[in-house]
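Participant: Structure file upload.pdb (PDB, C-alpha atoms, pLDDT in the B column) is given on the next line.
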```pdb
ATOM      1  CA  MET Z   1     -60.099  28.105 -11.252  1.00 51.00           C
ATOM      2  CA  SER Z   2     -57.131  25.801 -11.466  1.00 72.00           C
ATOM      3  CA  ASN Z   3     -57.564  22.297 -12.744  1.00 87.00           C
ATOM      4  CA  TRP Z   4     -55.315  20.658 -10.191  1.00 94.00           C
ATOM      5  CA  ASP Z   5     -55.558  19.769  -6.532  1.00 95.00           C
ATOM      6  CA  ASN Z   6     -52.030  20.438  -5.357  1.00 95.00           C
ATOM      7  CA  GLU Z   7     -49.043  22.374  -6.597  1.00 96.00           C
ATOM      8  CA  LEU Z   8     -45.325  21.787  -6.255  1.00 97.00           C
ATOM      9  CA  ASP Z   9     -42.797  24.438  -7.183  1.00 97.00           C
ATOM     10  CA  ALA Z  10     -39.503  22.643  -7.783  1.00 95.00           C
ATOM     11  CA  SER Z  11     -37.884  25.621  -9.502  1.00 95.00           C
ATOM     12  CA  GLY Z  12     -34.145  25.826  -8.968  1.00 93.00           C
ATOM     13  CA  LEU Z  13     -33.926  22.221  -7.808  1.00 93.00           C
ATOM     14  CA  ASN Z  14     -31.800  19.725  -9.643  1.00 92.00           C
ATOM     15  CA  CYS Z  15     -31.950  15.955 -10.189  1.00 91.00           C
ATOM     16  CA  PRO Z  16     -33.232  13.986  -8.322  1.00 93.00           C
ATOM     17  CA  LEU Z  17     -34.979  16.525  -6.074  1.00 94.00           C
ATOM     18  CA  PRO Z  18     -37.956  17.397  -8.335  1.00 95.00           C
ATOM     19  CA  ILE Z  19     -38.863  13.690  -8.550  1.00 95.00           C
ATOM     20  CA  LEU Z  20     -38.390  13.121  -4.821  1.00 94.00           C
ATOM     21  CA  ARG Z  21     -40.469  16.171  -3.906  1.00 94.00           C
ATOM     22  CA  ALA Z  22     -43.183  15.102  -6.345  1.00 96.00           C
ATOM     23  CA  LYS Z  23     -43.261  11.633  -4.838  1.00 94.00           C
ATOM     24  CA  LYS Z  24     -43.640  13.193  -1.399  1.00 93.00           C
ATOM     25  CA  ALA Z  25     -46.409  15.523  -2.553  1.00 95.00           C
ATOM     26  CA  LEU Z  26     -48.287  12.631  -4.172  1.00 95.00           C
ATOM     27  CA  ALA Z  27     -48.083  10.648  -0.950  1.00 93.00           C
ATOM     28  CA  ASP Z  28     -50.315  13.209   0.760  1.00 94.00           C
ATOM     29  CA  MET Z  29     -52.887  13.138  -2.034  1.00 96.00           C
ATOM     30  CA  SER Z  30     -55.612  10.670  -2.835  1.00 95.00           C
ATOM     31  CA  GLY Z  31     -56.105   8.628  -5.996  1.00 94.00           C
ATOM     32  CA  GLY Z  32     -57.404  10.608  -8.970  1.00 95.00           C
ATOM     33  CA  GLN Z  33     -56.134  13.930  -7.652  1.00 96.00           C
ATOM     34  CA  VAL Z  34     -53.852  15.993  -9.858  1.00 96.00           C
ATOM     35  CA  LEU Z  35     -50.493  17.501  -8.936  1.00 97.00           C
ATOM     36  CA  HIS Z  36     -49.172  20.506 -10.828  1.00 97.00           C
ATOM     37  CA  ILE Z  37     -45.390  20.684 -10.890  1.00 97.00           C
ATOM     38  CA  ILE Z  38     -43.192  23.578 -11.914  1.00 97.00           C
ATOM     39  CA  ALA Z  39     -39.506  22.839 -12.576  1.00 96.00           C
ATOM     40  CA  THR Z  40     -36.485  24.477 -14.145  1.00 95.00           C
ATOM     41  CA  ASP Z  41     -34.333  21.359 -14.529  1.00 94.00           C
ATOM     42  CA  PRO Z  42     -34.405  20.390 -18.245  1.00 93.00           C
ATOM     43  CA  GLY Z  43     -33.739  16.788 -17.229  1.00 92.00           C
ATOM     44  CA  SER Z  44     -37.072  16.696 -15.443  1.00 94.00           C
ATOM     45  CA  VAL Z  45     -38.928  16.381 -18.756  1.00 95.00           C
ATOM     46  CA  LYS Z  46     -37.655  12.872 -19.390  1.00 94.00           C
ATOM     47  CA  ASP Z  47     -37.567  12.060 -15.700  1.00 94.00           C
ATOM     48  CA  PHE Z  48     -41.244  12.786 -15.050  1.00 96.00           C
ATOM     49  CA  ASP Z  49     -42.150  10.752 -18.109  1.00 95.00           C
ATOM     50  CA  ALA Z  50     -40.100   7.847 -16.746  1.00 94.00           C
ATOM     51  CA  PHE Z  51     -41.447   8.383 -13.238  1.00 95.00           C
ATOM     52  CA  ALA Z  52     -45.030   8.178 -14.487  1.00 95.00           C
ATOM     53  CA  LYS Z  53     -44.369   5.029 -16.519  1.00 94.00           C
ATOM     54  CA  GLN Z  54     -42.767   3.255 -13.597  1.00 93.00           C
ATOM     55  CA  THR Z  55     -45.128   4.323 -10.832  1.00 93.00           C
ATOM     56  CA  GLY Z  56     -48.417   4.081 -12.707  1.00 93.00           C
ATOM     57  CA  ASN Z  57     -49.273   7.718 -12.031  1.00 95.00           C
ATOM     58  CA  GLU Z  58     -50.503   9.377 -15.210  1.00 96.00           C
ATOM     59  CA  LEU Z  59     -48.533  12.231 -16.775  1.00 96.00           C
ATOM     60  CA  MET Z  60     -51.465  14.198 -18.185  1.00 96.00           C
ATOM     61  CA  GLU Z  61     -49.435  17.109 -19.444  1.00 95.00           C
ATOM     62  CA  SER Z  62     -45.806  18.079 -19.956  1.00 96.00           C
ATOM     63  CA  LYS Z  63     -44.970  21.461 -21.429  1.00 95.00           C
ATOM     64  CA  GLU Z  64     -42.326  24.133 -21.549  1.00 95.00           C
ATOM     65  CA  ASP Z  65     -43.004  27.819 -21.345  1.00 94.00           C
ATOM     66  CA  GLY Z  66     -40.399  30.529 -21.014  1.00 92.00           C
ATOM     67  CA  GLY Z  67     -37.611  28.282 -19.759  1.00 91.00           C
ATOM     68  CA  LYS Z  68     -39.812  26.594 -17.169  1.00 96.00           C
ATOM     69  CA  PHE Z  69     -41.328  23.161 -17.314  1.00 97.00           C
ATOM     70  CA  TYR Z  70     -44.864  22.351 -16.242  1.00 97.00           C
ATOM     71  CA  PHE Z  71     -46.286  18.933 -15.508  1.00 97.00           C
ATOM     72  CA  LEU Z  72     -49.654  17.557 -14.524  1.00 96.00           C
ATOM     73  CA  LEU Z  73     -49.492  14.241 -12.714  1.00 96.00           C
ATOM     74  CA  LYS Z  74     -52.620  12.327 -11.811  1.00 96.00           C
ATOM     75  CA  LYS Z  75     -52.190  10.048  -8.844  1.00 96.00           C
ATOM     76  CA  ALA Z  76     -53.024   6.422  -9.563  1.00 93.00           C
TER      77      ALA Z  76
ATOM     78  CA  MET X   1     -46.209  -0.081  -7.274  1.00 46.00           C
ATOM     79  CA  SER X   2     -43.433  -2.425  -8.342  1.00 56.00           C
ATOM     80  CA  ASP X   3     -41.724  -4.868  -6.065  1.00 83.00           C
ATOM     81  CA  LYS X   4     -38.382  -4.482  -7.763  1.00 94.00           C
ATOM     82  CA  LYS X   5     -35.228  -4.445  -5.726  1.00 96.00           C
ATOM     83  CA  LEU X   6     -32.013  -2.461  -6.020  1.00 97.00           C
ATOM     84  CA  ALA X   7     -28.824  -3.314  -4.152  1.00 97.00           C
ATOM     85  CA  ILE X   8     -25.896  -0.887  -4.113  1.00 97.00           C
ATOM     86  CA  ILE X   9     -22.390  -1.283  -2.731  1.00 98.00           C
ATOM     87  CA  ALA X  10     -20.899   2.116  -1.839  1.00 97.00           C
ATOM     88  CA  THR X  11     -17.122   1.971  -1.571  1.00 97.00           C
ATOM     89  CA  LYS X  12     -15.954   5.541  -2.143  1.00 96.00           C
ATOM     90  CA  GLY X  13     -15.486   8.280   0.414  1.00 95.00           C
ATOM     91  CA  THR X  14     -15.176  11.433  -1.658  1.00 94.00           C
ATOM     92  CA  LEU X  15     -17.681  14.218  -2.213  1.00 93.00           C
ATOM     93  CA  ASP X  16     -18.174  13.414  -5.887  1.00 93.00           C
ATOM     94  CA  TRP X  17     -18.425   9.645  -5.443  1.00 95.00           C
ATOM     95  CA  GLY X  18     -20.741  10.048  -2.494  1.00 96.00           C
ATOM     96  CA  TYR X  19     -23.513  11.277  -4.752  1.00 96.00           C
ATOM     97  CA  PRO X  20     -24.309   8.303  -7.011  1.00 97.00           C
ATOM     98  CA  PRO X  21     -25.348   5.891  -4.232  1.00 97.00           C
ATOM     99  CA  PHE X  22     -27.668   8.419  -2.580  1.00 97.00           C
ATOM    100  CA  ILE X  23     -29.099   9.834  -5.814  1.00 97.00           C
ATOM    101  CA  LEU X  24     -29.832   6.403  -7.219  1.00 97.00           C
ATOM    102  CA  ALA X  25     -31.137   4.953  -3.968  1.00 97.00           C
ATOM    103  CA  SER X  26     -33.482   7.860  -3.227  1.00 95.00           C
ATOM    104  CA  THR X  27     -34.782   7.909  -6.785  1.00 95.00           C
ATOM    105  CA  ALA X  28     -35.248   4.142  -6.864  1.00 96.00           C
ATOM    106  CA  ALA X  29     -37.170   4.345  -3.595  1.00 94.00           C
ATOM    107  CA  ALA X  30     -39.384   7.047  -5.118  1.00 93.00           C
ATOM    108  CA  LEU X  31     -40.047   4.727  -8.049  1.00 93.00           C
ATOM    109  CA  GLY X  32     -41.128   1.998  -5.693  1.00 92.00           C
ATOM    110  CA  TYR X  33     -37.951  -0.053  -5.505  1.00 95.00           C
ATOM    111  CA  ASP X  34     -37.092  -1.814  -2.311  1.00 96.00           C
ATOM    112  CA  THR X  35     -33.565  -0.449  -1.885  1.00 97.00           C
ATOM    113  CA  GLU X  36     -30.512  -1.342   0.133  1.00 97.00           C
ATOM    114  CA  ILE X  37     -27.019   0.190   0.270  1.00 97.00           C
ATOM    115  CA  PHE X  38     -24.077  -1.706   1.659  1.00 97.00           C
ATOM    116  CA  PHE X  39     -21.315   0.701   2.763  1.00 97.00           C
ATOM    117  CA  THR X  40     -17.824  -0.688   2.837  1.00 97.00           C
ATOM    118  CA  PHE X  41     -14.286   0.668   3.103  1.00 96.00           C
ATOM    119  CA  TYR X  42     -14.199   4.415   2.347  1.00 96.00           C
ATOM    120  CA  GLY X  43     -17.930   4.381   1.648  1.00 96.00           C
ATOM    121  CA  LEU X  44     -18.428   4.232   5.413  1.00 96.00           C
ATOM    122  CA  GLN X  45     -17.563   7.952   5.557  1.00 96.00           C
ATOM    123  CA  LEU X  46     -21.015   8.522   4.082  1.00 97.00           C
ATOM    124  CA  LEU X  47     -22.662   7.066   7.178  1.00 97.00           C
ATOM    125  CA  LYS X  48     -20.913   9.366   9.647  1.00 96.00           C
ATOM    126  CA  LYS X  49     -23.198  11.758  11.534  1.00 94.00           C
ATOM    127  CA  LYS X  50     -21.225  14.633  10.073  1.00 92.00           C
ATOM    128  CA  ILE X  51     -20.230  13.769   6.542  1.00 94.00           C
ATOM    129  CA  ASP X  52     -16.702  15.091   6.117  1.00 93.00           C
ATOM    130  CA  VAL X  53     -15.700  14.217   2.586  1.00 94.00           C
ATOM    131  CA  LYS X  54     -13.684  16.128   0.027  1.00 92.00           C
ATOM    132  CA  VAL X  55     -13.261  16.181  -3.690  1.00 90.00           C
ATOM    133  CA  SER X  56      -9.697  15.865  -4.902  1.00 84.00           C
ATOM    134  CA  PRO X  57      -8.287  17.323  -8.105  1.00 80.00           C
ATOM    135  CA  LEU X  58      -5.221  15.142  -7.598  1.00 81.00           C
ATOM    136  CA  GLY X  59      -4.918  12.475 -10.258  1.00 79.00           C
ATOM    137  CA  ASN X  60      -8.236  13.523 -11.704  1.00 78.00           C
ATOM    138  CA  PRO X  61      -7.647  15.090 -15.129  1.00 76.00           C
ATOM    139  CA  GLY X  62     -11.345  14.955 -15.915  1.00 79.00           C
ATOM    140  CA  MET X  63     -12.241  17.406 -13.195  1.00 77.00           C
ATOM    141  CA  PRO X  64     -13.328  20.783 -14.535  1.00 75.00           C
ATOM    142  CA  MET X  65     -11.335  23.450 -12.740  1.00 69.00           C
ATOM    143  CA  PRO X  66     -13.126  26.716 -12.007  1.00 64.00           C
ATOM    144  CA  MET X  67     -11.653  30.043 -13.108  1.00 63.00           C
ATOM    145  CA  ALA X  68      -9.163  28.360 -15.478  1.00 64.00           C
ATOM    146  CA  MET X  69      -7.262  27.113 -12.466  1.00 66.00           C
ATOM    147  CA  ASP X  70      -5.773  24.281 -14.478  1.00 64.00           C
ATOM    148  CA  LYS X  71      -3.889  26.982 -16.392  1.00 69.00           C
ATOM    149  CA  TRP X  72      -2.371  28.388 -13.213  1.00 69.00           C
ATOM    150  CA  PHE X  73      -2.033  25.126 -11.333  1.00 66.00           C
ATOM    151  CA  PRO X  74      -1.169  22.409 -13.837  1.00 67.00           C
ATOM    152  CA  VAL X  75      -0.692  18.820 -12.650  1.00 65.00           C
ATOM    153  CA  LEU X  76       1.697  19.381  -9.742  1.00 68.00           C
ATOM    154  CA  GLY X  77      -0.380  22.329  -8.583  1.00 70.00           C
ATOM    155  CA  THR X  78      -3.173  19.959  -7.691  1.00 72.00           C
ATOM    156  CA  ALA X  79      -0.891  18.539  -4.992  1.00 75.00           C
ATOM    157  CA  ILE X  80      -0.399  21.901  -3.269  1.00 77.00           C
ATOM    158  CA  PRO X  81      -1.506  21.724   0.382  1.00 81.00           C
ATOM    159  CA  GLY X  82      -4.939  23.213   0.841  1.00 83.00           C
ATOM    160  CA  MET X  83      -5.933  22.585  -2.755  1.00 82.00           C
ATOM    161  CA  GLU X  84      -8.309  19.817  -1.765  1.00 85.00           C
ATOM    162  CA  SER X  85     -10.115  21.944   0.801  1.00 89.00           C
ATOM    163  CA  MET X  86     -10.325  24.797  -1.653  1.00 87.00           C
ATOM    164  CA  MET X  87     -11.714  22.605  -4.443  1.00 87.00           C
ATOM    165  CA  THR X  88     -14.169  21.046  -2.000  1.00 91.00           C
ATOM    166  CA  ALA X  89     -15.439  24.441  -0.870  1.00 91.00           C
ATOM    167  CA  MET X  90     -15.793  25.567  -4.485  1.00 89.00           C
ATOM    168  CA  MET X  91     -17.566  22.381  -5.504  1.00 90.00           C
ATOM    169  CA  LYS X  92     -19.995  22.650  -2.603  1.00 92.00           C
ATOM    170  CA  SER X  93     -20.865  26.255  -3.366  1.00 92.00           C
ATOM    171  CA  LYS X  94     -21.262  25.414  -7.043  1.00 90.00           C
ATOM    172  CA  MET X  95     -23.615  22.560  -6.182  1.00 91.00           C
ATOM    173  CA  LYS X  96     -25.638  24.776  -3.904  1.00 92.00           C
ATOM    174  CA  SER X  97     -25.997  27.448  -6.561  1.00 91.00           C
ATOM    175  CA  LYS X  98     -27.191  24.847  -9.069  1.00 90.00           C
ATOM    176  CA  GLY X  99     -29.832  23.438  -6.763  1.00 91.00           C
ATOM    177  CA  VAL X 100     -28.033  20.141  -6.185  1.00 92.00           C
ATOM    178  CA  ALA X 101     -28.920  18.657  -2.807  1.00 92.00           C
ATOM    179  CA  SER X 102     -26.243  18.131  -0.155  1.00 94.00           C
ATOM    180  CA  LEU X 103     -25.171  14.586   0.660  1.00 95.00           C
ATOM    181  CA  GLU X 104     -26.798  14.927   4.085  1.00 95.00           C
ATOM    182  CA  GLU X 105     -30.078  15.980   2.509  1.00 94.00           C
ATOM    183  CA  LEU X 106     -30.067  13.093   0.044  1.00 95.00           C
ATOM    184  CA  ARG X 107     -29.164  10.681   2.809  1.00 96.00           C
ATOM    185  CA  SER X 108     -32.106  11.874   4.923  1.00 94.00           C
ATOM    186  CA  LEU X 109     -34.396  11.481   1.935  1.00 93.00           C
ATOM    187  CA  CYS X 110     -33.126   7.920   1.541  1.00 95.00           C
ATOM    188  CA  LEU X 111     -33.799   7.154   5.197  1.00 94.00           C
ATOM    189  CA  GLU X 112     -37.258   8.710   4.999  1.00 90.00           C
ATOM    190  CA  ALA X 113     -37.976   6.479   2.019  1.00 91.00           C
ATOM    191  CA  ASP X 114     -36.930   3.410   4.003  1.00 92.00           C
ATOM    192  CA  VAL X 115     -33.717   2.752   2.116  1.00 96.00           C
ATOM    193  CA  ARG X 116     -31.940   0.143   4.201  1.00 96.00           C
ATOM    194  CA  MET X 117     -28.325   1.033   5.005  1.00 97.00           C
ATOM    195  CA  ILE X 118     -25.791  -1.501   6.114  1.00 96.00           C
ATOM    196  CA  ALA X 119     -22.314  -0.719   7.415  1.00 95.00           C
ATOM    197  CA  CYS X 120     -19.626  -3.300   6.747  1.00 95.00           C
ATOM    198  CA  GLN X 121     -18.705  -4.614  10.187  1.00 93.00           C
ATOM    199  CA  MET X 122     -15.290  -5.788   9.015  1.00 92.00           C
ATOM    200  CA  THR X 123     -14.301  -2.295   7.811  1.00 94.00           C
ATOM    201  CA  VAL X 124     -15.612  -0.717  11.015  1.00 93.00           C
ATOM    202  CA  ASP X 125     -13.303  -3.036  12.966  1.00 92.00           C
ATOM    203  CA  LEU X 126     -10.420  -2.662  10.522  1.00 94.00           C
ATOM    204  CA  PHE X 127     -10.320   1.119  10.770  1.00 93.00           C
ATOM    205  CA  ASP X 128     -11.197   1.159  14.487  1.00 92.00           C
ATOM    206  CA  MET X 129     -14.266   3.216  13.746  1.00 93.00           C
ATOM    207  CA  ASN X 130     -16.678   3.989  16.565  1.00 91.00           C
ATOM    208  CA  SER X 131     -20.256   2.901  15.881  1.00 88.00           C
ATOM    209  CA  LYS X 132     -21.362   5.979  17.870  1.00 91.00           C
ATOM    210  CA  ASP X 133     -20.041   8.176  15.047  1.00 93.00           C
ATOM    211  CA  PHE X 134     -22.582   6.739  12.644  1.00 95.00           C
ATOM    212  CA  ILE X 135     -26.133   7.922  12.096  1.00 96.00           C
ATOM    213  CA  ASP X 136     -29.038   6.086  13.700  1.00 93.00           C
ATOM    214  CA  GLY X 137     -31.140   3.650  11.772  1.00 91.00           C
ATOM    215  CA  ILE X 138     -28.369   1.696  10.108  1.00 95.00           C
ATOM    216  CA  GLU X 139     -27.431  -1.938  10.517  1.00 94.00           C
ATOM    217  CA  PHE X 140     -24.075  -3.650  10.710  1.00 95.00           C
ATOM    218  CA  GLY X 141     -23.350  -6.764   8.717  1.00 93.00           C
ATOM    219  CA  GLY X 142     -21.048  -8.616   6.392  1.00 91.00           C
ATOM    220  CA  ALA X 143     -20.901  -9.924   2.853  1.00 92.00           C
ATOM    221  CA  ALA X 144     -23.481 -12.606   3.553  1.00 90.00           C
ATOM    222  CA  THR X 145     -25.917  -9.910   4.726  1.00 91.00           C
ATOM    223  CA  PHE X 146     -25.418  -8.121   1.428  1.00 93.00           C
ATOM    224  CA  PHE X 147     -26.061 -11.244  -0.627  1.00 92.00           C
ATOM    225  CA  GLU X 148     -29.210 -12.048   1.286  1.00 91.00           C
ATOM    226  CA  PHE X 149     -30.737  -8.963  -0.342  1.00 93.00           C
ATOM    227  CA  ALA X 150     -28.616  -8.726  -3.511  1.00 94.00           C
ATOM    228  CA  GLY X 151     -29.392 -12.339  -4.388  1.00 93.00           C
ATOM    229  CA  GLU X 152     -32.990 -11.443  -5.043  1.00 94.00           C
ATOM    230  CA  SER X 153     -32.383  -7.957  -6.456  1.00 95.00           C
ATOM    231  CA  ASP X 154     -33.207  -6.873  -9.996  1.00 96.00           C
ATOM    232  CA  ILE X 155     -30.316  -4.416 -10.134  1.00 96.00           C
ATOM    233  CA  THR X 156     -27.003  -4.530  -8.301  1.00 97.00           C
ATOM    234  CA  LEU X 157     -24.494  -1.704  -8.538  1.00 97.00           C
ATOM    235  CA  PHE X 158     -20.942  -1.417  -7.287  1.00 97.00           C
ATOM    236  CA  ILE X 159     -20.041   2.220  -6.806  1.00 96.00           C
TER     237      ILE X 159
END
```
In structure tokens, write the structure found in this file.
Facilitator:
Amino acid sequence: MSNWDNELDASGLNCPLPILRAKKALADMSGGQVLHIIATDPGSVKDFDAFAKQTGNELMESKEDGGKFYFLLKKA
Amino acid sequence: MSDKKLAIIATKGTLDWGYPPFILASTAAALGYDTEIFFTFYGLQLLKKKIDVKVSPLGNPGMPMPMAMDKWFPVLGTAIPGMESMMTAMMKSKMKSKGVASLEELRSLCLEADVRMIACQMTVDLFDMNSKDFIDGIEFGGAATFFEFAGESDITLFI
């Protein structure tokens, strides 16, 4: 069982697309739900951190595994 | 979330300079900024229904040339007819392969996110541009229109 409500695969996309797609995905979710994001853009690590700080959505997890980046964002 | 505001003036009409206004505006909108772009002079090319902009190696020593082209086409070579189109095609394919969005895609994302776009009426008149050539959903205005928004913005950029 996955511990998220929605998943976004932003692999292969470059700045600012992962952020924009995540914003769009969050818009269709309700508060408290968690979005799992997969990205390959190394810049997305700092960007999702900054995105969370500025939008109030909580970045629950940010990790790298095998050249891919995984994030868990909880909608505010 | 925030009620911050970002005002951008877009003045350049080349492929490379077309990116910053749309990247920053779409990202700002995603972060909750109320965003407006004022397009003036060559920046108006970015509002055309079909964006037809090029990247020029001419007079641009900072531009990385693919396949060591700068070795084969030093300085004067960049002025060879067709070079611009060739560099533009190469740049576009490079961007596509790296997952960089097209200008049209970023522009649509801006419009979807309610980024307000204003075309400089004076430039439209100056260059005898046809308002029918521009995309829908934009407004036409002058410097005072820009300041109405920029005056209460947190960030103002001239690009």
Participant: Between Z:Phe48, Z:Asp28, Z:Gln33, Z:Ile19, which has the minimum distance to Trp4 in chain Z (counting all atoms listed in the file)?
Facilitator: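 With all atoms listed in the file as the atom set, the closest residue is Z:Gln33.
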Participant: Report, in Å to a single decimal, how far apart CA of Met95 in chain X and CA of Phe38 in chain X are.
Facilitator: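 These atoms are spaced 25.5 Å apart.
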Participant: Let me make sure I understand: among X:Gly13, X:Gly59, X:Gly141, X:Pro20, which one has the smallest atom-to-atom distance to chain Z if we use only C-alpha atoms?
Facilitator: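 For chain Z, the nearest of the given residues is X:Pro20.
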Participant: So which residues touch range 96-111 of chain X within 12 Å, counting only C-alpha atoms, skipping near sequence neighbours fewer than 5 positions away, as a ChimeraX atom specification?
Facilitator: /Z:10-21,23-24,39-41 /X:13-30,33-37,45-54,89-91,116-118,135-138
Participant: Can you list, as a PyMOL selection string, every protein, DNA or RNA residue that comes within 6 Å of Leu35 in chain Z when you count all atoms listed in the file, leaving out same-chain residues fewer than 4 positions away?
Facilitator: chain Z and resi 4+6-7+72-73
Participant: Got time to write the residues from that selection, C-alpha atoms, as a short mmCIF file (atom, residue, chain, number, x, y, z; two decimals), in the frame of the given file?
Facilitator:
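Output file result33.cif follows:
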```
data_model
loop_
_atom_site.label_atom_id
_atom_site.label_comp_id
_atom_site.auth_asym_id
_atom_site.auth_seq_id
_atom_site.Cartn_x
_atom_site.Cartn_y
_atom_site.Cartn_z
CA TRP Z 4 -55.32 20.66 -10.19
CA ASN Z 6 -52.03 20.44 -5.36
CA GLU Z 7 -49.04 22.37 -6.60
CA LEU Z 72 -49.65 17.56 -14.52
CA LEU Z 73 -49.49 14.24 -12.71
#
```
Participant: Would you kindly translate the PyMOL selection byres ((chain Z and resi 69) around 10) into the concrete residues it picks from this file, as a list in words?
Facilitator: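 So the PyMOL selection byres ((chain Z and resi 69) around 10) ends up selecting Ala10, Ser11, Ile37, Ile38, Ala39, Thr40, Asp41, Pro42, Gly43, Ser44, Val45, Ser62, Lys63, Glu64, Asp65, Gly66, Gly67, Lys68, Tyr70 and Phe71 of chain Z.
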Participant: Report the distance between CA of Phe41 in chain X and CA of Glu84 in chain X in Å, rounded to one decimal place.
Facilitator: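 So the two atoms, CA of Phe41 in chain X and CA of Glu84 in chain X, lie 20.6 Å apart.
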Participant: When distances are computed from all atoms listed in the file, which of Z:Met60, Z:Asn3, Z:Gly32, Z:Lys75 shows the smallest separation from chain X?
Facilitator: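 Nearest candidate to chain X out of Z:Met60, Z:Asn3, Z:Gly32, Z:Lys75: Z:Lys75.
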Participant: To one decimal place in Å, what is the distance between CA of Asp47 in chain Z and CA of Thr156 in chain X?
Facilitator: 21.0 Å
Participant: Rank nothing, just name the residue among Z:Leu59, Z:Ala22, Z:Val34, Z:Leu8 nearest to chain X, using all atoms listed in the file.
Facilitator: Z:Ala22
Participant: Restricting the calculation to all atoms listed in the file: of X:Met129, X:Ala113, X:Val55, X:Leu44, which residue gets closest to chain Z?
Facilitator: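 So, comparing all the options, the nearest one is X:Ala113.
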Participant: For this file, the PyMOL selection byres ((chain X and resi 125) around 12) selects which residues, as a PyMOL selection string?
Facilitator: chain X and resi 40-41+44+119-124+126-131+140-142
Participant: Which residues match the PyMOL selection byres ((chain X and resi 149) around 10) in the file above, as a ChimeraX atom specification?
Facilitator: /X:5-7,34-37,144-148,150-153,156
Participant: Writing N, CA and C atoms and nothing else, produce range 135-147 of chain X as a CSV table (one decimal), in the first residue's frame.
Facilitator:
```
chain,number,residue,atom,x,y,z
X,135,ILE,N,-2.3,36.4,-29.6
X,135,ILE,CA,-3.2,35.4,-29.0
X,135,ILE,C,-4.3,36.1,-28.3
X,136,ASP,N,-5.3,35.4,-28.0
X,136,ASP,CA,-6.5,35.9,-27.2
X,136,ASP,C,-6.1,36.0,-25.8
X,137,GLY,N,-6.9,36.8,-25.1
X,137,GLY,CA,-6.7,36.9,-23.6
X,137,GLY,C,-5.7,37.9,-23.2
X,138,ILE,N,-5.2,38.7,-24.1
X,138,ILE,CA,-4.2,39.8,-23.7
X,138,ILE,C,-4.9,41.1,-23.7
X,139,GLU,N,-4.3,42.1,-23.1
X,139,GLU,CA,-4.8,43.4,-23.1
X,139,GLU,C,-3.8,44.4,-23.8
X,140,PHE,N,-4.3,45.5,-24.2
X,140,PHE,CA,-3.4,46.5,-24.8
X,140,PHE,C,-3.4,47.7,-23.9
X,141,GLY,N,-2.2,48.3,-23.7
X,141,GLY,CA,-2.1,49.4,-22.8
X,141,GLY,C,-0.7,50.1,-22.9
X,142,GLY,N,-0.6,51.1,-22.1
X,142,GLY,CA,0.7,51.9,-22.2
X,142,GLY,C,1.4,51.9,-20.8
X,143,ALA,N,2.4,52.8,-20.7
X,143,ALA,CA,3.3,52.8,-19.6
X,143,ALA,C,2.5,53.0,-18.3
X,144,ALA,N,1.4,53.8,-18.3
X,144,ALA,CA,0.6,54.1,-17.1
X,144,ALA,C,-0.1,52.8,-16.7
X,145,THR,N,-0.5,52.0,-17.6
X,145,THR,CA,-1.1,50.7,-17.3
X,145,THR,C,-0.1,49.8,-16.6
X,146,PHE,N,1.1,49.8,-17.0
X,146,PHE,CA,2.2,49.0,-16.4
X,146,PHE,C,2.4,49.5,-14.9
X,147,PHE,N,2.4,50.8,-14.7
X,147,PHE,CA,2.7,51.3,-13.4
X,147,PHE,C,1.6,51.1,-12.4
```
